[in-house]
Amino acid sequence: MNGLVYLKDVVTLELDVTKCNGCRMCTIVCPHDVFLIKDRKAIIDKKDLCMECGACEKNCPEGAISVRSGVGCAAGIINGILRGGEPTCDCSSSKSNCC
């Protein structure tokens with residue numbers, strides 16, 4: 001990961017450090033190195049690099065991580081690529097609040 005940020009301060013990623021058991025699973029599955037382990041607990045080190053894929057939440061055995069995967073501009077770009085169309089998160093829609 002080159003550290004490029006699309007939009008700042010929009011990621012839905014949350015971590016409840018009190019639930020974290022320090023297993024390191026989030027650091028293993030995160031494709032963008034968002035997490036670090038410090039003092040035997042996970043911390044969110046680079047939140048703006050999170051693409052909201054949901055791998056950390058799905059693999060956290062303690063349920064310490066939450067993220068609304070499948071929302072936002074990262075999901076729009078991925079869906080556009082998968083569907084062979086323009087990448088969009090429907091930000092122009094009045095009901096959307098992704099960006």
# chains A, B, ... in the order shown; residues from 1 in each chain; ligands from 1
$ residues_around --residues "Lys47 (chain A)" --least-positions-apart "2" --cutoff "9 Å" --atoms "only C-alpha atoms" --output "ChimeraX atom specification"
/A:8-9,11,13,34-35,44-45,49-50
$ residues_around --residues "Pro31 (chain A)" --least-positions-apart "5" --cutoff "9 Å" --atoms "only C-alpha atoms" --output "PyMOL selection string"
chain A and resi 1+50-51+53+55
$ atom_distance --atom1 "CA of Gly76 (chain A)" --atom2 "CA of Val5 (chain A)"
15.4 Å
$ residues_around --residues "region 66-68 of chain A" --least-positions-apart "5" --cutoff "8 Å" --atoms "only C-alpha atoms" --output "PyMOL selection string"
chain A and resi 12-15+52+54+57
$ residues_around --residues "region 20-25 of chain A" --least-positions-apart "5" --cutoff "10 Å" --atoms "only C-alpha atoms" --output "PyMOL selection string"
chain A and resi 15+30+35-43+55-57+59-65
$ write_last_selection --atoms "N, CA and C atoms" --output "PDB file, in the first residue's frame"
ATOM      1  N   LEU A  15     -13.015   0.588  16.855  1.00  0.00           N
ATOM      2  CA  LEU A  15     -12.353  -0.463  17.626  1.00  0.00           C
ATOM      3  C   LEU A  15     -12.642  -0.249  19.105  1.00  0.00           C
ATOM      4  N   CYS A  30      -5.884  -7.314   7.455  1.00  0.00           N
ATOM      5  CA  CYS A  30      -6.070  -5.974   6.872  1.00  0.00           C
ATOM      6  C   CYS A  30      -5.146  -5.771   5.678  1.00  0.00           C
ATOM      7  N   PHE A  35      -4.053  -1.398  11.213  1.00  0.00           N
ATOM      8  CA  PHE A  35      -3.897  -1.692  12.640  1.00  0.00           C
ATOM      9  C   PHE A  35      -2.450  -1.924  13.041  1.00  0.00           C
ATOM     10  N   LEU A  36      -2.168  -1.619  14.299  1.00  0.00           N
ATOM     11  CA  LEU A  36      -0.897  -1.966  14.952  1.00  0.00           C
ATOM     12  C   LEU A  36      -1.242  -2.592  16.294  1.00  0.00           C
ATOM     13  N   ILE A  37      -0.308  -3.365  16.827  1.00  0.00           N
ATOM     14  CA  ILE A  37      -0.453  -3.881  18.177  1.00  0.00           C
ATOM     15  C   ILE A  37       0.477  -3.059  19.070  1.00  0.00           C
ATOM     16  N   LYS A  38      -0.088  -2.496  20.124  1.00  0.00           N
ATOM     17  CA  LYS A  38       0.681  -1.693  21.070  1.00  0.00           C
ATOM     18  C   LYS A  38       0.239  -2.077  22.471  1.00  0.00           C
ATOM     19  N   ASP A  39       1.183  -2.404  23.315  1.00  0.00           N
ATOM     20  CA  ASP A  39       0.887  -2.834  24.685  1.00  0.00           C
ATOM     21  C   ASP A  39      -0.120  -3.995  24.703  1.00  0.00           C
ATOM     22  N   ARG A  40       0.071  -4.934  23.777  1.00  0.00           N
ATOM     23  CA  ARG A  40      -0.742  -6.160  23.665  1.00  0.00           C
ATOM     24  C   ARG A  40      -2.203  -5.916  23.299  1.00  0.00           C
ATOM     25  N   LYS A  41      -2.471  -4.788  22.685  1.00  0.00           N
ATOM     26  CA  LYS A  41      -3.817  -4.459  22.218  1.00  0.00           C
ATOM     27  C   LYS A  41      -3.712  -3.852  20.823  1.00  0.00           C
ATOM     28  N   ALA A  42      -4.748  -4.053  20.038  1.00  0.00           N
ATOM     29  CA  ALA A  42      -4.791  -3.430  18.715  1.00  0.00           C
ATOM     30  C   ALA A  42      -5.090  -1.946  18.861  1.00  0.00           C
ATOM     31  N   ILE A  43      -4.539  -1.172  17.953  1.00  0.00           N
ATOM     32  CA  ILE A  43      -4.896   0.242  17.832  1.00  0.00           C
ATOM     33  C   ILE A  43      -5.107   0.535  16.349  1.00  0.00           C
ATOM     34  N   ALA A  55     -12.910  -7.268   6.483  1.00  0.00           N
ATOM     35  CA  ALA A  55     -12.126  -8.450   6.863  1.00  0.00           C
ATOM     36  C   ALA A  55     -11.767  -8.439   8.342  1.00  0.00           C
ATOM     37  N   CYS A  56     -11.434  -7.301   8.876  1.00  0.00           N
ATOM     38  CA  CYS A  56     -11.057  -7.212  10.295  1.00  0.00           C
ATOM     39  C   CYS A  56     -12.236  -7.563  11.195  1.00  0.00           C
ATOM     40  N   GLU A  57     -13.393  -7.007  10.896  1.00  0.00           N
ATOM     41  CA  GLU A  57     -14.581  -7.276  11.714  1.00  0.00           C
ATOM     42  C   GLU A  57     -14.964  -8.755  11.655  1.00  0.00           C
ATOM     43  N   ASN A  59     -13.130 -11.298  11.133  1.00  0.00           N
ATOM     44  CA  ASN A  59     -12.114 -12.191  11.692  1.00  0.00           C
ATOM     45  C   ASN A  59     -11.748 -11.896  13.132  1.00  0.00           C
ATOM     46  N   CYS A  60     -12.331 -10.877  13.733  1.00  0.00           N
ATOM     47  CA  CYS A  60     -12.030 -10.553  15.128  1.00  0.00           C
ATOM     48  C   CYS A  60     -12.812 -11.499  16.045  1.00  0.00           C
ATOM     49  N   PRO A  61     -12.122 -12.380  16.768  1.00  0.00           N
ATOM     50  CA  PRO A  61     -12.822 -13.359  17.595  1.00  0.00           C
ATOM     51  C   PRO A  61     -13.549 -12.748  18.796  1.00  0.00           C
ATOM     52  N   GLU A  62     -13.196 -11.537  19.167  1.00  0.00           N
ATOM     53  CA  GLU A  62     -13.801 -10.897  20.332  1.00  0.00           C
ATOM     54  C   GLU A  62     -14.894  -9.896  19.979  1.00  0.00           C
ATOM     55  N   GLY A  63     -15.116  -9.658  18.689  1.00  0.00           N
ATOM     56  CA  GLY A  63     -16.114  -8.680  18.279  1.00  0.00           C
ATOM     57  C   GLY A  63     -15.741  -7.259  18.655  1.00  0.00           C
ATOM     58  N   ALA A  64     -14.441  -6.979  18.677  1.00  0.00           N
ATOM     59  CA  ALA A  64     -13.958  -5.661  19.091  1.00  0.00           C
ATOM     60  C   ALA A  64     -13.975  -4.630  17.963  1.00  0.00           C
ATOM     61  N   ILE A  65     -14.180  -5.092  16.747  1.00  0.00           N
ATOM     62  CA  ILE A  65     -14.096  -4.204  15.585  1.00  0.00           C
ATOM     63  C   ILE A  65     -15.449  -4.128  14.890  1.00  0.00           C
TER      64      ILE A  65
END
$ atom_distance --atom1 "CA of Lys46 (chain A)" --atom2 "CA of Arg83 (chain A)"
29.1 Å
$ atom_distance --atom1 "CA of Ser69 (chain A)" --atom2 "CA of Thr27 (chain A)"
17.2 Å
$ select_by_dssp --residues "region 1-85 of chain A" --states "strand (DSSP E)" --output "list in words"
Glu14, Leu15, Phe35, Leu36, Ile37, Lys38, Lys41, Ala42, Ile43, Ile44, Ile65 and Ser66 of chain A
$ write_last_selection --atoms "C-alpha atoms" --output "JSON list (two decimals), in the first residue's frame"
[["chain", "number", "residue", "atom", "x", "y", "z"],
["A", 14, "GLU", "CA", -14.39, 1.52, 15.09],
["A", 15, "LEU", "CA", -12.35, -0.46, 17.63],
["A", 35, "PHE", "CA", -3.90, -1.69, 12.64],
["A", 36, "LEU", "CA", -0.90, -1.97, 14.95],
["A", 37, "ILE", "CA", -0.45, -3.88, 18.18],
["A", 38, "LYS", "CA", 0.68, -1.69, 21.07],
["A", 41, "LYS", "CA", -3.82, -4.46, 22.22],
["A", 42, "ALA", "CA", -4.79, -3.43, 18.72],
["A", 43, "ILE", "CA", -4.90, 0.24, 17.83],
["A", 44, "ILE", "CA", -6.12, 1.96, 14.68],
["A", 65, "ILE", "CA", -14.10, -4.20, 15.59],
["A", 66, "SER", "CA", -17.02, -2.74, 13.69]]
